[in-house]
file upload_8.txt (compact mmCIF, C-alpha atoms)
# COMPACT_ATOMS: atom_id res chain seq x y z
CA MET A 126 -111.84 41.37 18.74
CA SER A 127 -110.57 44.89 18.29
CA ALA A 128 -109.19 46.09 15.00
CA MET A 129 -105.76 46.80 16.54
CA ARG A 130 -104.02 43.75 17.89
CA LYS A 131 -101.05 43.69 20.20
CA GLY A 132 -97.74 43.59 18.41
CA GLU A 133 -98.80 45.62 15.37
CA ASP A 134 -97.05 48.92 14.67
CA SER A 135 -99.11 52.02 15.24
CA GLU A 136 -98.59 55.69 14.53
CA GLU A 137 -98.57 58.47 17.08
CA VAL A 138 -101.31 61.04 16.87
CA GLU A 139 -100.17 64.66 16.94
CA ILE A 140 -102.56 67.53 17.52
CA ASP A 141 -101.51 71.10 16.82
CA LEU A 142 -103.07 73.47 19.35
CA GLU A 143 -101.54 76.61 17.81
CA ASP A 144 -103.82 79.54 17.09
CA SER A 145 -104.22 79.65 13.31
CA SER A 146 -105.51 83.24 13.34
CA ASP A 147 -101.99 84.68 13.77
CA PRO A 148 -100.49 84.93 10.23
CA ASP A 149 -97.02 86.13 11.38
CA GLU A 150 -96.12 82.88 13.13
CA SER A 151 -97.27 80.59 10.31
CA ASP A 152 -95.10 82.27 7.64
CA SER A 153 -91.78 81.73 9.46
CA GLY A 154 -91.22 78.36 7.74
CA GLU A 155 -90.63 76.54 11.00
CA GLU A 156 -92.75 73.64 12.02
CA PRO A 157 -95.18 74.60 14.77
CA GLU A 158 -94.39 73.35 18.25
CA MET A 159 -96.56 70.42 19.22
CA LEU A 160 -98.11 71.29 22.54
CA TRP A 161 -99.72 67.92 23.03
CA ARG A 162 -98.83 64.49 21.76
CA ALA A 163 -101.13 61.52 22.30
CA HIS A 164 -99.60 58.10 22.40
CA PRO A 165 -101.66 55.31 20.92
CA ALA A 166 -104.02 53.45 23.19
CA LEU A 167 -102.17 50.22 22.38
CA GLU A 168 -99.33 51.03 24.79
CA GLU A 169 -101.80 51.76 27.59
CA GLU A 170 -103.61 48.47 26.98
CA GLU A 171 -100.39 46.49 27.34
CA ASP A 172 -99.86 47.87 30.86
CA ILE A 173 -103.35 47.04 32.05
CA HIS A 174 -103.87 43.41 33.03
CA THR A 175 -107.19 42.22 31.61
CA SER A 176 -108.81 38.85 31.77
CA THR A 177 -109.73 36.83 28.69
CA LEU A 178 -113.42 37.52 29.28
CA VAL A 179 -112.86 41.27 29.12
CA GLU A 180 -110.81 41.01 25.93
CA ILE A 181 -113.54 39.12 24.05
CA SER A 182 -116.42 41.09 25.53
CA ASP A 183 -119.08 42.62 23.30
CA THR A 184 -119.34 45.60 25.62
CA LYS A 185 -116.17 47.25 24.37
CA PRO A 186 -117.10 50.24 22.24
CA LEU A 187 -116.85 49.63 18.54
CA ILE A 188 -115.82 53.01 17.19
CA ASN A 189 -114.85 52.02 13.65
CA VAL A 190 -117.28 49.16 13.14
CA ARG A 191 -120.67 50.31 14.35
CA ASP A 192 -122.77 47.59 12.68
CA PRO A 193 -120.57 44.48 12.98
CA ARG A 194 -123.45 42.04 12.51
CA GLY A 195 -124.97 43.84 9.52
CA ILE A 196 -128.30 44.53 11.20
CA ASN A 197 -128.95 47.69 9.18
CA ASP A 198 -127.73 46.65 5.74
CA CYS A 199 -131.09 47.72 4.33
CA LEU A 200 -130.27 51.37 5.21
CA LYS A 201 -127.27 51.63 2.90
CA VAL A 202 -128.99 54.09 0.58
CA GLU A 203 -127.27 56.03 -2.16
CA PHE A 204 -128.76 58.76 -4.35
CA GLU A 205 -129.01 56.38 -7.31
CA ASP A 206 -131.11 53.99 -5.21
CA VAL A 207 -133.73 56.68 -4.62
CA ILE A 208 -133.73 58.94 -7.70
CA ALA A 209 -132.86 57.88 -11.22
CA GLU A 210 -133.52 59.60 -14.53
CA PRO A 211 -134.11 57.49 -17.62
CA VAL A 212 -132.28 58.33 -20.83
CA SER A 213 -135.43 59.71 -22.46
CA VAL A 214 -136.05 62.32 -19.74
CA ARG A 215 -133.06 64.19 -18.35
CA SER A 216 -132.53 67.35 -16.35
CA GLY A 217 -129.54 69.62 -16.74
CA ASP A 218 -126.13 68.41 -15.60
CA ARG A 219 -125.82 71.16 -12.97
CA VAL A 220 -129.26 70.31 -11.59
CA TRP A 221 -128.26 66.64 -11.31
CA ILE A 222 -124.94 67.42 -9.61
CA TRP A 223 -126.55 69.83 -7.12
CA SER A 224 -129.35 67.34 -6.43
CA VAL A 225 -126.85 64.60 -5.61
CA ALA A 226 -124.84 66.94 -3.39
CA LEU A 227 -127.88 68.29 -1.54
CA PHE A 228 -129.30 64.79 -1.06
CA GLU A 229 -126.09 63.51 0.51
CA VAL A 230 -125.53 66.59 2.68
CA SER A 231 -129.12 66.73 3.93
CA ARG A 232 -129.20 62.95 4.57
CA VAL A 233 -126.03 63.07 6.65
CA TRP A 234 -126.74 66.29 8.58
CA ILE A 235 -130.41 65.62 9.30
CA TYR A 236 -129.43 62.16 10.58
CA ARG A 237 -126.80 63.73 12.81
CA ILE A 238 -129.21 66.36 14.17
CA VAL A 239 -131.95 63.80 14.86
CA THR A 240 -129.37 61.50 16.45
CA VAL A 241 -128.19 64.27 18.78
CA LEU A 242 -131.78 64.90 19.86
CA LEU A 243 -132.99 61.30 20.18
CA ALA A 244 -130.03 58.92 20.63
CA ILE A 245 -129.53 59.36 24.37
CA PRO A 246 -133.22 59.12 25.41
CA ILE A 247 -133.90 56.18 23.09
CA SER A 248 -130.79 54.33 24.25
CA ILE A 249 -131.84 54.81 27.88
CA ILE A 250 -135.37 53.57 27.14
CA SER A 251 -134.02 50.62 25.14
CA GLY A 252 -131.57 49.71 27.88
CA LEU A 253 -134.34 49.88 30.47
CA LEU A 254 -136.66 47.76 28.32
CA PHE A 255 -134.04 45.07 27.64
CA ALA A 256 -133.01 45.04 31.31
CA ILE A 257 -136.62 44.48 32.40
CA LEU A 258 -137.16 41.79 29.74
CA SER A 259 -133.90 40.05 30.68
CA CYS A 260 -134.76 40.12 34.38
CA PHE A 261 -138.27 38.83 33.67
CA HIS A 262 -136.92 36.02 31.48
CA ILE A 263 -134.14 35.01 33.88
CA TRP A 264 -136.16 35.16 37.10
CA MET A 265 -139.69 34.29 35.91
CA VAL A 266 -139.90 32.54 32.52
CA GLY A 267 -136.88 30.27 32.99
CA PRO A 268 -137.78 28.90 36.43
CA CYS A 269 -141.50 28.56 35.57
CA SER A 270 -140.73 26.64 32.38
CA ARG A 271 -138.37 24.36 34.36
CA CYS A 272 -141.10 23.71 36.93
CA ILE A 273 -143.60 22.92 34.18
CA LEU A 274 -141.14 20.55 32.45
CA ILE A 275 -140.41 18.76 35.73
CA GLY A 276 -144.12 18.44 36.56
CA ALA A 277 -145.07 17.36 33.03
CA ARG A 278 -142.42 14.67 32.62
CA TRP A 279 -145.09 11.94 32.85
CA LEU A 280 -147.09 13.71 30.11
CA GLU A 281 -144.05 13.68 27.81
CA SER A 282 -143.61 9.92 28.38
CA MET A 283 -147.31 9.25 27.74
CA TRP A 284 -147.28 11.38 24.57
CA SER A 285 -144.28 9.47 23.16
CA ILE A 286 -146.13 6.17 23.84
CA VAL A 287 -149.28 7.44 22.06
CA LEU A 288 -147.22 8.55 19.08
CA GLY A 289 -145.35 5.24 18.92
CA VAL A 290 -148.39 2.97 19.35
CA ILE A 291 -151.20 4.79 17.48
CA VAL A 292 -149.96 7.60 15.23
CA ARG A 293 -146.78 6.10 13.77
CA PRO A 294 -148.37 2.80 12.55
CA PHE A 295 -151.35 4.67 11.07
CA LEU A 296 -149.16 7.13 9.15
CA THR A 297 -146.78 4.35 8.05
CA SER A 298 -149.64 2.27 6.61
CA ALA A 299 -151.18 5.34 4.93
CA GLY A 300 -147.82 6.14 3.36
CA ARG A 301 -147.43 2.60 2.02
CA CYS A 302 -150.97 2.66 0.58
CA CYS A 303 -150.39 5.96 -1.19
CA GLY A 304 -146.90 4.91 -2.31
CA GLY A 305 -148.42 2.47 -4.83
CA PHE A 306 -150.06 5.25 -6.83
CA SER A 307 -148.19 6.82 -9.71
CA ILE A 308 -149.16 9.79 -11.83
CA HIS A 309 -148.10 10.17 -15.46
CA LEU A 310 -148.55 13.49 -17.25
CA ALA A 311 -148.75 13.45 -21.00
CA LYS A 312 -149.20 16.29 -23.45
CA GLU A 313 -152.02 15.83 -25.99
call {"tool": "encode", "arguments": {"input": "upload_8.txt", "output": "structure tokens"}}
result
Amino acid sequence: MSAMRKGEDSEEVEIDLEDSSDPDESDSGEEPEMLWRAHPALEEEEDIHTSTLVEISDTKPLINVRDPRGINDCLKVEFEDVIAEPVSVRSGDRVWIWSVALFEVSRVWIYRIVTVLLAIPISIISGLLFAILSCFHIWMVGPCSRCILIGARWLESMWSIVLGVIVRPFLTSAGRCCGGFSIHLAKE
């Protein structure tokens, strides 16, 4: 379900579209006029009639929770997980602070740049691949496996008879024969 539920209080979002380059207007002490005020999406959702299937759908965009099933927990990497200095060998404090800062900044920004370049094409290719696999499974694998199961019903019955008449008594008697043995370990 979504993080905001109906009935909870929400705050309005205000966006100031005033030009901040004009210093005369900002020093007057008055609050700037809000040129645009966005009401929360909650009020809009109450007006739209949606079915129960749409409300519990997985296709709604998850803006705040982007990994709800924890698929990529292995990628939660901090600086201390990658680089660590033992007590016996230490660099300067400034070097350590700058290293941490540069690691975090480069990790975040390089990820964002690569995502901008590759996210759309990879998502299209992935969607195409999963659509083809789903279609193949629904229209080919499912019906063929049903046909095979219907045609092989007699084989299933014969196999259960073979297991019940030959294999089960043999394994039961072998288990009873081996059940009489006992092993005692003693230290010398």
call {"tool": "atom_distance", "arguments": {"input": "upload_8.txt", "atom1": "CA of Leu242 (chain A)", "atom2": "CA of Val225 (chain A)"}}
result
25.9 Å
call {"tool": "atom_distance", "arguments": {"input": "upload_8.txt", "atom1": "CA of Trp279 (chain A)", "atom2": "CA of Ser298 (chain A)"}}
result
28.3 Å
call {"tool": "closest_residue", "arguments": {"input": "upload_8.txt", "among": "A:Val190, A:Phe228, A:Glu281, A:Ile257", "to": "Asp206 (chain A)", "atoms": "only C-alpha atoms"}}
result
A:Phe228
call {"tool": "residues_around", "arguments": {"input": "upload_8.txt", "residues": "region 207-215 of chain A", "least_positions_apart": "3", "cutoff": "10 Å", "atoms": "only C-alpha atoms", "output": "PyMOL selection string"}}
result
chain A and resi 202-204+218+220-221+224-225+228
call {"tool": "write_last_selection", "arguments": {"input": "upload_8.txt", "atoms": "C-alpha atoms", "output": "PDB file, keeping the file's coordinate frame"}}
result
ATOM      1  CA  VAL A 202    -128.990  54.090   0.580  1.00  0.00           C
ATOM      2  CA  GLU A 203    -127.270  56.030  -2.160  1.00  0.00           C
ATOM      3  CA  PHE A 204    -128.760  58.760  -4.350  1.00  0.00           C
ATOM      4  CA  ASP A 218    -126.130  68.410 -15.600  1.00  0.00           C
ATOM      5  CA  VAL A 220    -129.260  70.310 -11.590  1.00  0.00           C
ATOM      6  CA  TRP A 221    -128.260  66.640 -11.310  1.00  0.00           C
ATOM      7  CA  SER A 224    -129.350  67.340  -6.430  1.00  0.00           C
ATOM      8  CA  VAL A 225    -126.850  64.600  -5.610  1.00  0.00           C
ATOM      9  CA  PHE A 228    -129.300  64.790  -1.060  1.00  0.00           C
TER      10      PHE A 228
END
